[in-house]
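Coordinates from final-v1.cif are shown below (mmCIF, C-alpha atoms).
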```
data_model
#
loop_
_atom_site.label_atom_id
_atom_site.label_comp_id
_atom_site.auth_asym_id
_atom_site.auth_seq_id
_atom_site.Cartn_x
_atom_site.Cartn_y
_atom_site.Cartn_z
CA MET H 1 -115.87 -25.38 -2.96
CA GLN H 2 -116.88 -21.74 -3.37
CA ASP H 3 -120.18 -22.26 -1.65
CA THR H 4 -118.84 -23.53 1.63
CA LYS H 5 -120.90 -23.15 4.69
CA ALA H 6 -118.24 -23.68 7.30
CA ILE H 7 -116.91 -20.09 6.96
CA ARG H 8 -118.88 -16.93 7.31
CA PRO H 9 -119.54 -14.94 4.11
CA GLU H 10 -117.57 -11.89 5.38
CA LEU H 11 -114.54 -14.10 5.75
CA LYS H 12 -115.29 -15.70 2.47
CA GLY H 13 -115.35 -12.25 0.77
CA LEU H 14 -112.10 -11.44 2.55
CA PHE H 15 -110.60 -14.61 1.21
CA ASP H 16 -111.92 -13.79 -2.31
CA THR H 17 -110.29 -10.35 -2.26
CA ILE H 18 -107.12 -11.88 -0.94
CA ARG H 19 -107.25 -14.48 -3.70
CA LYS H 20 -107.69 -11.80 -6.34
CA GLN H 21 -104.87 -9.81 -4.89
CA ALA H 22 -102.78 -12.98 -4.79
CA ILE H 23 -103.55 -13.60 -8.44
CA GLU H 24 -102.54 -10.03 -9.23
CA TYR H 25 -99.47 -10.46 -7.11
CA ALA H 26 -98.72 -13.67 -8.97
CA SER H 27 -99.06 -11.95 -12.30
CA ALA H 28 -96.95 -9.09 -10.99
CA PHE H 29 -94.43 -11.57 -9.73
CA ASP H 30 -94.49 -13.31 -13.08
CA ASP H 31 -93.72 -9.96 -14.71
CA ILE H 32 -91.10 -9.36 -12.15
CA GLU H 33 -89.68 -12.81 -12.77
CA LYS H 34 -89.65 -12.13 -16.49
CA SER H 35 -87.97 -8.75 -16.04
CA ARG H 36 -85.67 -10.36 -13.54
CA ASN H 37 -84.73 -13.04 -16.03
CA GLU H 38 -84.27 -10.38 -18.66
CA TYR H 39 -82.14 -8.40 -16.26
CA GLN H 40 -80.18 -11.51 -15.40
CA ASN H 41 -79.66 -12.16 -19.09
CA ILE H 42 -78.59 -8.59 -19.57
CA ILE H 43 -76.34 -8.85 -16.56
CA LYS H 44 -74.94 -12.08 -17.92
CA ASP H 45 -74.34 -10.45 -21.29
CA VAL H 46 -72.84 -7.49 -19.55
CA ASN H 47 -70.69 -9.76 -17.43
CA GLN H 48 -69.60 -11.61 -20.53
CA LEU H 49 -68.88 -8.30 -22.15
CA VAL H 50 -67.04 -7.21 -19.05
CA GLU H 51 -65.09 -10.45 -19.00
CA SER H 52 -64.29 -10.21 -22.66
CA PHE H 53 -63.46 -6.57 -22.24
CA THR H 54 -61.37 -7.40 -19.18
CA LEU H 55 -59.57 -10.12 -21.10
CA LYS H 56 -59.05 -7.79 -23.98
CA VAL H 57 -57.89 -5.04 -21.68
CA ASN H 58 -55.63 -7.48 -19.84
CA SER H 59 -54.21 -8.75 -23.12
CA GLU H 60 -53.80 -5.19 -24.27
CA ILE H 61 -52.21 -4.27 -20.94
CA PHE H 62 -49.94 -7.33 -21.19
CA GLY H 63 -48.99 -6.37 -24.72
CA LEU H 64 -48.47 -2.80 -23.61
CA LYS H 65 -46.43 -4.05 -20.69
CA GLN H 66 -44.30 -6.13 -23.03
CA LYS H 67 -43.97 -3.17 -25.33
CA TYR H 68 -43.19 -1.01 -22.31
CA ASP H 69 -40.57 -3.50 -21.13
CA ALA H 70 -39.07 -3.69 -24.63
CA ILE H 71 -39.14 0.09 -24.90
CA THR H 72 -37.69 0.38 -21.41
CA LYS H 73 -34.89 -2.00 -22.34
CA ILE H 74 -34.25 -0.11 -25.54
CA LEU H 75 -34.38 3.14 -23.63
CA THR H 76 -32.02 1.85 -20.95
CA ILE H 77 -29.62 0.61 -23.63
CA GLU H 78 -29.87 3.90 -25.47
CA THR H 79 -29.56 5.76 -22.19
CA ASN H 80 -26.46 3.79 -21.31
CA LYS H 81 -25.03 4.49 -24.73
CA THR H 82 -25.82 8.17 -24.38
CA LEU H 83 -24.36 8.10 -20.86
CA GLU H 84 -21.21 6.47 -22.21
CA LYS H 85 -21.05 9.06 -24.96
CA TYR H 86 -21.69 11.74 -22.38
CA GLN H 87 -18.96 10.26 -20.19
CA GLU H 88 -16.61 10.21 -23.17
CA LEU H 89 -17.53 13.77 -23.96
CA HIS H 90 -17.08 14.64 -20.31
CA ASN H 91 -13.68 12.95 -20.31
CA LEU H 92 -12.80 14.77 -23.50
CA LYS H 93 -13.90 17.98 -21.86
CA LEU H 94 -11.80 17.17 -18.82
CA ILE H 95 -8.83 16.33 -21.04
CA GLN H 96 -9.37 19.55 -22.92
CA ASP H 97 -9.59 21.47 -19.65
CA SER H 98 -6.49 19.75 -18.31
CA TYR H 99 -4.70 20.44 -21.58
CA SER H 100 -5.68 24.09 -21.43
CA SER H 101 -4.66 24.25 -17.76
CA ALA H 102 -1.36 22.52 -18.65
CA VAL H 103 -0.80 25.03 -21.44
CA ASP H 104 -1.54 27.83 -18.97
CA THR H 105 0.83 26.35 -16.42
CA ILE H 106 3.49 25.90 -19.12
CA ASN H 107 3.10 29.54 -20.07
CA MET H 108 3.28 30.50 -16.41
CA LEU H 109 6.36 28.32 -15.97
CA LYS H 110 7.92 29.93 -19.03
CA GLU H 111 7.28 33.36 -17.58
CA SER H 112 8.54 32.26 -14.17
CA ILE H 113 11.63 30.69 -15.80
CA GLU H 114 12.32 33.91 -17.66
CA ARG H 115 11.88 35.89 -14.46
CA ASN H 116 14.03 33.42 -12.57
CA SER H 117 16.69 33.48 -15.29
CA LYS H 118 16.83 37.26 -15.06
CA PHE H 119 16.87 37.00 -11.29
CA LEU H 120 19.58 34.33 -11.51
CA LYS H 121 21.64 36.51 -13.84
CA LYS H 122 21.39 39.32 -11.36
CA ASN H 123 22.13 36.93 -8.53
CA THR H 124 25.09 35.39 -10.38
CA ASP H 125 26.58 38.84 -10.84
CA GLU H 126 25.97 39.65 -7.22
CA PHE H 127 27.26 36.23 -6.26
CA ALA H 128 30.42 36.75 -8.33
CA GLU H 129 30.96 40.08 -6.62
CA GLU H 130 30.25 38.53 -3.24
CA LEU H 131 32.55 35.65 -4.12
CA THR H 132 35.42 37.95 -5.07
CA LEU H 133 34.81 39.94 -1.90
CA PHE H 134 34.69 36.74 0.08
CA LYS H 135 37.87 35.49 -1.59
CA THR H 136 39.69 38.69 -0.77
CA ASN H 137 38.39 38.65 2.80
CA ALA H 138 39.16 34.96 3.13
CA SER H 139 42.67 35.44 1.74
CA LYS H 140 43.16 38.30 4.17
CA GLU H 141 41.85 36.25 7.04
CA ILE H 142 43.94 33.26 5.99
CA GLN H 143 46.96 35.49 5.69
CA ASN H 144 46.28 36.91 9.14
CA VAL H 145 45.80 33.43 10.55
CA LEU H 146 48.97 32.25 8.82
CA ASN H 147 50.89 35.22 10.11
CA LYS H 148 49.56 34.63 13.61
CA GLY H 149 50.32 30.93 13.32
CA ASP H 150 53.76 31.69 11.95
CA GLU H 151 54.42 34.04 14.81
CA HIS H 152 53.06 31.55 17.28
CA ILE H 153 55.15 28.75 15.75
CA ARG H 154 58.19 30.97 15.75
CA MET H 155 57.55 31.84 19.36
CA LEU H 156 57.12 28.17 20.26
CA ILE H 157 60.25 27.24 18.30
CA GLN H 158 62.11 30.01 20.01
CA GLN H 159 60.93 28.82 23.40
CA ASP H 160 61.83 25.21 22.58
CA ARG H 161 65.16 26.33 21.21
CA GLU H 162 65.91 28.35 24.30
CA GLU H 163 64.94 25.44 26.52
CA LEU H 164 67.03 23.10 24.37
CA GLU H 165 69.96 25.50 24.40
CA GLN H 166 69.73 25.79 28.14
CA LEU H 167 69.58 22.02 28.43
CA LEU H 168 72.47 21.61 26.01
CA ALA H 169 74.44 24.29 27.78
CA SER H 170 73.90 22.58 31.11
CA LYS H 171 74.80 19.22 29.58
CA PHE H 172 77.82 20.74 27.87
CA THR H 173 78.96 22.26 31.13
CA MET H 174 78.49 18.94 32.86
CA PHE H 175 80.19 17.15 30.04
CA GLU H 176 83.07 19.64 29.96
CA SER H 177 83.46 19.30 33.69
CA ARG H 178 83.46 15.52 33.31
CA ILE H 179 85.88 15.70 30.40
CA TYR H 180 88.03 18.03 32.44
CA LYS H 181 88.01 15.58 35.30
CA VAL H 182 88.67 12.67 32.94
CA GLU H 183 91.46 14.60 31.27
CA GLN H 184 92.91 15.39 34.64
CA SER H 185 92.71 11.79 35.71
CA ASN H 186 94.11 10.71 32.33
CA TYR H 187 96.80 13.20 32.61
CA LEU H 188 97.68 12.00 36.11
CA ILE H 189 97.41 8.39 35.01
CA ASN H 190 99.55 9.09 31.95
CA GLU H 191 102.08 10.82 34.02
CA GLN H 192 102.09 8.01 36.49
CA ILE H 193 102.16 5.48 33.68
CA ASP H 194 104.98 7.40 31.98
CA GLU H 195 106.89 7.46 35.23
CA ASP H 196 106.17 3.81 35.76
CA PHE H 197 107.17 3.02 32.22
CA LYS H 198 110.26 5.05 32.54
CA ARG H 199 111.07 3.36 35.73
CA ILE H 200 110.18 -0.02 34.25
CA TYR H 201 112.17 0.75 31.12
CA THR H 202 115.13 1.78 33.19
CA ASP H 203 114.71 -1.29 35.35
CA LEU H 204 114.29 -3.42 32.29
CA ASP H 205 117.36 -1.90 30.70
CA LYS H 206 119.23 -2.49 33.87
CA PHE H 207 117.80 -5.96 34.07
CA LYS H 208 118.61 -6.66 30.45
CA ASN H 209 122.09 -5.48 30.88
CA LYS H 210 122.45 -7.45 34.02
CA PHE H 211 120.75 -10.43 32.48
CA LYS H 212 123.00 -10.32 29.37
CA ILE H 213 126.15 -9.96 31.34
CA ASP H 214 125.80 -12.12 34.39
CA ILE H 215 122.69 -13.99 34.82
CA LEU H 216 121.68 -15.14 31.34
CA PRO H 217 124.10 -18.00 30.96
CA ASN H 218 123.40 -19.21 34.47
CA VAL H 219 119.85 -18.61 34.99
CA SER H 220 117.40 -21.01 33.55
CA PHE H 221 114.72 -18.33 33.54
CA SER H 222 112.03 -19.38 31.28
CA THR H 223 111.71 -17.58 28.04
CA ASP H 224 107.98 -18.11 28.18
CA LYS H 225 107.58 -15.76 31.10
CA MET H 226 109.68 -13.21 29.36
CA ASP H 227 107.61 -13.55 26.32
CA LEU H 228 104.54 -13.12 28.50
CA VAL H 229 106.02 -10.01 30.00
CA ASN H 230 106.91 -8.71 26.57
CA SER H 231 103.45 -9.42 25.32
CA HIS H 232 101.95 -7.64 28.31
CA THR H 233 104.19 -4.69 27.69
CA THR H 234 103.26 -4.59 24.03
CA ARG H 235 99.55 -4.87 24.95
CA LEU H 236 100.02 -2.16 27.51
CA GLU H 237 101.65 0.06 24.95
CA TYR H 238 98.92 -0.72 22.52
CA GLU H 239 96.20 0.08 25.07
CA ILE H 240 97.95 3.31 25.99
CA SER H 241 98.11 4.31 22.35
CA ASN H 242 94.41 3.43 22.00
CA ILE H 243 93.62 5.53 25.04
CA TYR H 244 95.47 8.42 23.49
CA ASP H 245 93.62 7.98 20.27
CA LEU H 246 90.29 7.84 22.07
CA ILE H 247 91.09 10.92 24.05
CA ASN H 248 92.06 12.72 20.86
CA LYS H 249 88.85 11.58 19.16
CA LEU H 250 86.85 12.65 22.16
CA GLN H 251 88.44 16.05 22.19
CA TYR H 252 87.87 16.35 18.46
CA SER H 253 84.21 15.37 18.75
CA ILE H 254 83.70 17.77 21.67
CA HIS H 255 85.25 20.57 19.67
CA SER H 256 83.24 19.71 16.59
CA GLN H 257 80.00 19.60 18.62
CA LEU H 258 80.81 22.89 20.24
CA GLU H 259 81.48 24.41 16.83
CA ALA H 260 78.23 22.96 15.46
CA ALA H 261 76.31 24.33 18.41
CA ASN H 262 77.89 27.71 17.90
CA ARG H 263 77.01 27.53 14.20
CA ASN H 264 73.42 26.60 15.01
CA ASN H 265 73.14 29.42 17.45
CA ASN H 266 74.49 31.82 14.90
CA PHE H 267 72.21 30.37 12.22
CA ASN H 268 69.11 30.54 14.41
CA ASN H 269 69.87 34.08 15.34
CA ASP H 270 69.85 35.01 11.66
CA PRO H 271 66.71 37.21 11.22
CA PHE H 272 66.64 36.80 7.40
CA ALA H 273 66.19 32.99 7.31
CA SER H 274 63.24 31.67 5.38
CA HIS H 275 60.32 29.78 6.87
CA ASN H 276 61.28 26.43 5.27
CA ASN H 277 64.84 26.70 6.59
CA LYS H 278 63.42 27.37 10.03
CA VAL H 279 61.29 24.26 9.91
CA TYR H 280 64.24 22.20 8.69
CA LEU H 281 66.36 23.72 11.40
CA GLU H 282 63.81 22.83 14.00
CA THR H 283 63.67 19.20 12.86
CA GLN H 284 67.46 19.18 12.52
CA THR H 285 67.76 20.53 16.02
CA ASP H 286 65.67 17.68 17.35
CA GLU H 287 67.73 15.18 15.46
CA GLU H 288 70.87 16.82 16.62
CA LYS H 289 69.52 16.84 20.12
CA LYS H 290 68.99 13.10 19.94
CA GLN H 291 72.35 12.65 18.24
CA ASN H 292 74.04 14.74 20.87
CA ASP H 293 72.32 12.73 23.57
CA ARG H 294 73.53 9.54 21.93
CA ARG H 295 77.02 10.96 21.56
CA LEU H 296 77.04 12.09 25.16
CA SER H 297 75.93 8.67 26.35
CA TYR H 298 78.56 7.09 24.07
CA LEU H 299 81.23 9.43 25.42
CA GLU H 300 80.20 8.70 28.98
CA HIS H 301 80.37 5.00 28.19
CA ARG H 302 83.75 5.44 26.57
CA VAL H 303 84.99 7.46 29.53
CA VAL H 304 83.91 4.66 31.83
CA GLU H 305 85.61 2.13 29.55
CA LEU H 306 88.75 4.26 29.41
CA THR H 307 88.81 4.60 33.16
CA GLN H 308 88.43 0.82 33.43
CA ASN H 309 91.13 0.35 30.79
CA ASN H 310 93.34 2.80 32.65
CA LYS H 311 92.74 0.84 35.82
CA ILE H 312 93.51 -2.41 33.99
CA ALA H 313 96.59 -0.84 32.44
CA SER H 314 97.72 0.47 35.79
CA THR H 315 97.13 -2.94 37.40
CA VAL H 316 98.97 -4.62 34.52
CA ALA H 317 101.81 -2.14 34.90
CA ILE H 318 101.90 -2.68 38.64
CA THR H 319 101.86 -6.46 38.22
CA SER H 320 104.53 -6.27 35.54
CA GLY H 321 106.60 -4.12 37.87
CA ILE H 322 106.08 -6.57 40.68
CA ILE H 323 106.93 -9.46 38.37
CA SER H 324 110.08 -7.65 37.25
CA VAL H 325 111.03 -6.97 40.88
CA VAL H 326 110.37 -10.59 41.74
CA ALA H 327 112.42 -11.63 38.75
CA LEU H 328 115.25 -9.38 39.86
CA ILE H 329 115.02 -10.72 43.38
CA LEU H 330 115.06 -14.22 42.06
CA ALA H 331 117.93 -13.39 39.81
CA PHE H 332 119.84 -11.92 42.67
CA ALA H 333 118.86 -14.75 44.92
CA LEU H 334 119.78 -17.47 42.44
CA MET A 1 -103.11 -22.54 -18.53
CA ASN A 2 -101.70 -25.83 -17.47
CA ASN A 3 -102.31 -24.93 -13.80
CA LYS A 4 -105.95 -24.18 -14.56
CA LYS A 5 -106.37 -27.50 -16.34
CA LEU A 6 -104.62 -29.26 -13.46
CA ASN A 7 -106.99 -27.56 -10.94
CA ARG A 8 -110.06 -28.53 -13.00
CA ILE A 9 -108.79 -32.09 -13.20
CA ILE A 10 -108.21 -32.16 -9.43
CA ASN A 11 -111.75 -30.72 -8.82
CA LEU A 12 -113.23 -33.30 -11.08
CA SER A 13 -111.33 -36.08 -9.36
CA ASN A 14 -112.53 -34.76 -6.00
CA GLN A 15 -116.08 -34.70 -7.24
CA ILE A 16 -115.83 -38.16 -8.63
CA ARG A 17 -114.03 -39.90 -5.75
CA PRO A 18 -116.02 -41.37 -2.84
CA LYS A 19 -116.42 -39.45 0.43
CA THR A 20 -114.26 -40.28 3.41
CA TYR A 21 -115.67 -40.94 6.81
CA LEU A 22 -114.38 -37.60 8.03
CA GLU A 23 -116.15 -35.86 5.17
CA GLU A 24 -119.30 -37.84 5.95
CA PHE A 25 -118.99 -36.76 9.62
CA ALA A 26 -118.47 -33.14 8.53
CA GLU A 27 -121.51 -33.23 6.21
CA SER A 28 -123.65 -34.81 8.88
CA GLY A 29 -122.40 -32.50 11.59
CA TRP A 30 -120.76 -35.19 13.69
CA LEU A 31 -117.13 -34.41 13.03
CA GLU A 32 -116.78 -31.86 15.75
CA MET A 33 -118.07 -34.34 18.30
CA TYR A 34 -115.87 -37.06 16.81
CA ILE A 35 -112.80 -34.89 17.24
CA ASP A 36 -113.68 -33.99 20.80
CA ASN A 37 -114.30 -37.61 21.74
CA TYR A 38 -111.79 -39.60 19.65
CA SER A 39 -109.04 -37.57 18.07
CA LYS A 40 -108.40 -34.58 20.20
CA GLU A 41 -104.79 -35.46 20.88
CA ARG A 42 -104.10 -36.37 17.22
CA MET A 43 -105.49 -32.99 16.13
CA LYS A 44 -102.85 -31.33 18.26
CA THR A 45 -99.94 -33.41 17.02
CA ASP A 46 -100.70 -34.57 13.45
CA LYS A 47 -100.70 -31.58 11.08
CA ASP A 48 -101.73 -33.63 8.08
CA TYR A 49 -104.70 -35.02 9.95
CA GLN A 50 -105.57 -31.53 11.11
CA SER A 51 -105.53 -30.23 7.51
CA ARG A 52 -107.70 -33.17 6.38
CA ILE A 53 -110.17 -32.41 9.22
CA TYR A 54 -110.45 -28.72 8.39
CA ASP A 55 -110.66 -29.47 4.64
CA ALA A 56 -113.54 -31.72 5.44
CA PHE A 57 -115.16 -28.95 7.51
CA TYR A 58 -114.50 -26.43 4.69
CA ASN A 59 -115.92 -28.61 1.93
CA TYR A 60 -118.79 -30.51 3.56
CA SER A 61 -119.90 -28.74 6.73
CA GLN A 62 -123.35 -27.24 6.63
CA GLN A 63 -122.80 -24.99 9.58
CA ILE A 64 -120.37 -22.25 10.41
CA ASN A 65 -117.40 -23.57 12.30
CA GLU A 66 -115.26 -21.04 14.15
CA GLU A 67 -112.39 -23.45 14.52
CA THR A 68 -112.21 -23.82 10.76
CA GLU A 69 -112.34 -20.05 10.31
CA LEU A 70 -109.56 -19.60 12.81
CA TYR A 71 -107.56 -22.34 11.15
CA PHE A 72 -107.81 -20.81 7.69
CA MET A 73 -107.28 -17.31 9.08
CA ASN A 74 -104.10 -18.64 10.70
CA GLU A 75 -103.14 -20.26 7.41
CA LEU A 76 -103.76 -16.98 5.62
CA CYS A 77 -101.78 -15.11 8.17
CA GLU A 78 -98.96 -17.58 7.82
CA ASN A 79 -99.04 -17.29 4.03
CA LEU A 80 -99.14 -13.51 4.21
CA SER A 81 -96.30 -13.46 6.66
CA PHE A 82 -94.41 -15.82 4.35
CA PHE A 83 -95.22 -13.49 1.46
CA LEU A 84 -94.07 -10.50 3.40
CA GLU A 85 -90.94 -12.31 4.40
CA TYR A 86 -90.42 -13.45 0.80
CA THR A 87 -90.88 -9.95 -0.60
CA LYS A 88 -88.87 -8.26 2.16
CA SER A 89 -85.71 -8.28 0.02
CA CYS A 90 -87.65 -6.53 -2.74
CA LYS A 91 -88.76 -3.74 -0.44
CA THR A 92 -85.22 -2.77 0.59
CA PRO A 93 -83.30 -1.56 -2.46
CA LYS A 94 -79.98 -3.23 -3.23
CA GLN A 95 -76.97 -1.26 -2.25
#
```

Could you write out this structure as structure tokens?
Amino acid sequence: MQDTKAIRPELKGLFDTIRKQAIEYASAFDDIEKSRNEYQNIIKDVNQLVESFTLKVNSEIFGLKQKYDAITKILTIETNKTLEKYQELHNLKLIQDSYSSAVDTINMLKESIERNSKFLKKNTDEFAEELTLFKTNASKEIQNVLNKGDEHIRMLIQQDREELEQLLASKFTMFESRIYKVEQSNYLINEQIDEDFKRIYTDLDKFKNKFKIDILPNVSFSTDKMDLVNSHTTRLEYEISNIYDLINKLQYSIHSQLEAANRNNNFNNDPFASHNNKVYLETQTDEEKKQNDRRLSYLEHRVVELTQNNKIASTVAITSGIISVVALILAFAL
Amino acid sequence: MNNKKLNRIINLSNQIRPKTYLEEFAESGWLEMYIDNYSKERMKTDKDYQSRIYDAFYNYSQQINEETELYFMNELCENLSFFLEYTKSCKTPKQ
């Protein structure tokens, strides 16, 4: 094989050198392979060591982490406890501060109360003085007002009294004039009635005498009519007596009212009358005014009734006269 | 050691075994003509046949054959390039 003749010897030498170098390279590569294997083994060992170390470190880290977590929990619990204690202490401090501030405020209030009590004592004295002054002023003012009111009331009462007196005077004048007229008419009527009665009595006496002597046995004049005439005469006499009584009562009441009015005037003109008497007098004057009005209306009514009665009496007298004349005529005729 | 024994055994077997017709042609100087006349196309396509032809030239030819030189030079170049390529990672240090 080495002694080939197909290749030139130069090339053969080249191939020999290349072969030698290849052998050297192979040995070198074997060494390299060996060192490589050694390195790989070392690397493997190192990797194993690293893995074991990593595992160990991880386990240690895990243990440390667990310890850290446990310590953290313990620390958090302890921290919370300390925080609670701190909070309690803080609250105690706050309570202490509030207590001290309350004590300060109480002291301040005590001082202010003492100051205010002194101030109030001063003020009470001043107030008592002011109150007495006010009372005196108020009593003065009230007295002035009362005096003014009293004067004003007196003035008003005086005005009312004057107006009432004027009214009463006018009414009294009217009433007196009416009474005068009524008295005049009564007087005239009485006179006329007296004349009529006299005439009737004379006629009746004549008639009785005539009737007893001549006519009575013959005349069948009814006793009933005579009784009627007698009854009318008795009623007429009774009415006349009533009219006299009424006139007397009326005159008496007019005189009594005039006297009362004069007394009231004299009493009201009394300058030394007390205030209560004046008030009573004022009310009494009103009542009297009403009473006088009622009396006046009653008197007017009575005057009207009396005039009517007088008219009735006059008509009865006239009719009785006529009846007597008729009876006489009949007696003469029969 | 084992490789050396194996190579000696292979050399012995090669010496003992009978020659092939290609080896006979190479020893007699007829192989080049045989290739030109009968197996030119196969030489281009069949690599195994090509290596057997050039081995026969290398071992039994009595004359210098340029084609065989070129073939082995190409083989050497290919091996060297393979070597270079194989040892390229060793040249650049690992990062």

*List, as a ChimeraX atom specification, every residue that the PyMOL selection byres ((chain A) within 7 of (chain H)) selects in the file provided.*
/A:57-59,61-65,68-69

*Rank nothing, just name the residue among H:Glu38, H:Ile254, H:Thr307, H:Gln166 nearest to Lys181 of chain H, using only C-alpha atoms.*
H:Thr307

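What separates atom CA of Lys88 of chain A from atom CA of Arg36 of chain H is a distance of 16.2 Å.
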
*Mind giving me the straight-line distance from atom CA of Ser324 of chain H to atom CA of Asp227 of chain H in Å, one decimal?*
12.7 Å

*asked:* What does the structure give for the distance between atom CA of Thr234 of chain H and atom CA of Val316 of chain H, in Å to one decimal?
replied: 11.3 Å

_Using the chain letters and numbers from this file, what does the PyMOL selection byres ((chain A and resi 71) around 12) select? Give the answer as a VMD selection string._
(chain H and resid 6 to 7) or (chain A and resid 43 47 50 to 55 57 to 58 65 to 70 72 to 78)

Box for segment 106-125 of chain H - axis-aligned, 5 Å on each of the six sides, all listed atoms - centre and size in Å to one decimal, as AutoDock Vina command-line options.
```
--center_x 14.8 --center_y 32.6 --center_z -14.3 --size_x 33.5 --size_y 23.4 --size_z 21.5
```

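The protein and nucleic acid residues lying at most 12 Å from Gln192 of chain H are Gln184, Ser185, Asn186, Tyr187, Leu188, Asp196, Phe197, Lys198, Arg199, Ile200, Asn310, Lys311, Ala313, Ser314, Ala317 and Ile318 of chain H, with all atoms listed in the file considered and sequence neighbours fewer than 4 positions away removed.
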
Output of the above residues as a PDB file, keeping the file's coordinate frame, restricted to C-alpha atoms:
```pdb
ATOM      1  CA  GLN H 184      92.910  15.390  34.640  1.00  0.00           C
ATOM      2  CA  SER H 185      92.710  11.790  35.710  1.00  0.00           C
ATOM      3  CA  ASN H 186      94.110  10.710  32.330  1.00  0.00           C
ATOM      4  CA  TYR H 187      96.800  13.200  32.610  1.00  0.00           C
ATOM      5  CA  LEU H 188      97.680  12.000  36.110  1.00  0.00           C
ATOM      6  CA  ASP H 196     106.170   3.810  35.760  1.00  0.00           C
ATOM      7  CA  PHE H 197     107.170   3.020  32.220  1.00  0.00           C
ATOM      8  CA  LYS H 198     110.260   5.050  32.540  1.00  0.00           C
ATOM      9  CA  ARG H 199     111.070   3.360  35.730  1.00  0.00           C
ATOM     10  CA  ILE H 200     110.180  -0.020  34.250  1.00  0.00           C
ATOM     11  CA  ASN H 310      93.340   2.800  32.650  1.00  0.00           C
ATOM     12  CA  LYS H 311      92.740   0.840  35.820  1.00  0.00           C
ATOM     13  CA  ALA H 313      96.590  -0.840  32.440  1.00  0.00           C
ATOM     14  CA  SER H 314      97.720   0.470  35.790  1.00  0.00           C
ATOM     15  CA  ALA H 317     101.810  -2.140  34.900  1.00  0.00           C
ATOM     16  CA  ILE H 318     101.900  -2.680  38.640  1.00  0.00           C
TER      17      ILE H 318
END
```

_Residue nearest Leu236 of chain H - candidates H:Tyr298, H:Ser256, H:Val303, H:Asn309, atoms counted: only C-alpha atoms_ =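 Result for the nearest residue to Leu236 of chain H: H:Asn309.
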
Mind filling out segment 21-33 of chain A with N, CA and C atoms and sending it as a short mmCIF file (atom, residue, chain, number, x, y, z; two decimals), keeping the file's coordinate frame?
```
data_model
loop_
_atom_site.label_atom_id
_atom_site.label_comp_id
_atom_site.auth_asym_id
_atom_site.auth_seq_id
_atom_site.Cartn_x
_atom_site.Cartn_y
_atom_site.Cartn_z
N TYR A 21 -114.80 -40.95 5.63
CA TYR A 21 -115.67 -40.94 6.81
C TYR A 21 -115.63 -39.58 7.51
N LEU A 22 -114.48 -38.92 7.40
CA LEU A 22 -114.38 -37.60 8.03
C LEU A 22 -115.29 -36.61 7.30
N GLU A 23 -115.29 -36.76 5.96
CA GLU A 23 -116.15 -35.86 5.17
C GLU A 23 -117.61 -36.16 5.45
N GLU A 24 -117.95 -37.45 5.61
CA GLU A 24 -119.30 -37.84 5.95
C GLU A 24 -119.71 -37.25 7.29
N PHE A 25 -118.71 -37.34 8.28
CA PHE A 25 -118.99 -36.76 9.62
C PHE A 25 -119.21 -35.24 9.52
N ALA A 26 -118.34 -34.60 8.67
CA ALA A 26 -118.47 -33.14 8.53
C ALA A 26 -119.82 -32.78 7.89
N GLU A 27 -120.25 -33.56 6.89
CA GLU A 27 -121.51 -33.23 6.21
C GLU A 27 -122.70 -33.47 7.14
N SER A 28 -122.55 -34.50 7.97
CA SER A 28 -123.65 -34.81 8.88
C SER A 28 -123.61 -34.03 10.18
N GLY A 29 -122.53 -33.36 10.40
CA GLY A 29 -122.40 -32.50 11.59
C GLY A 29 -121.88 -33.24 12.81
N TRP A 30 -121.27 -34.40 12.59
CA TRP A 30 -120.76 -35.19 13.69
C TRP A 30 -119.24 -35.10 13.88
N LEU A 31 -118.63 -34.43 13.01
CA LEU A 31 -117.13 -34.41 13.03
C LEU A 31 -116.59 -33.67 14.25
N GLU A 32 -117.27 -32.64 14.59
CA GLU A 32 -116.78 -31.86 15.75
C GLU A 32 -116.84 -32.70 17.02
N MET A 33 -117.93 -33.47 17.13
CA MET A 33 -118.07 -34.34 18.30
C MET A 33 -117.04 -35.49 18.23
#
```
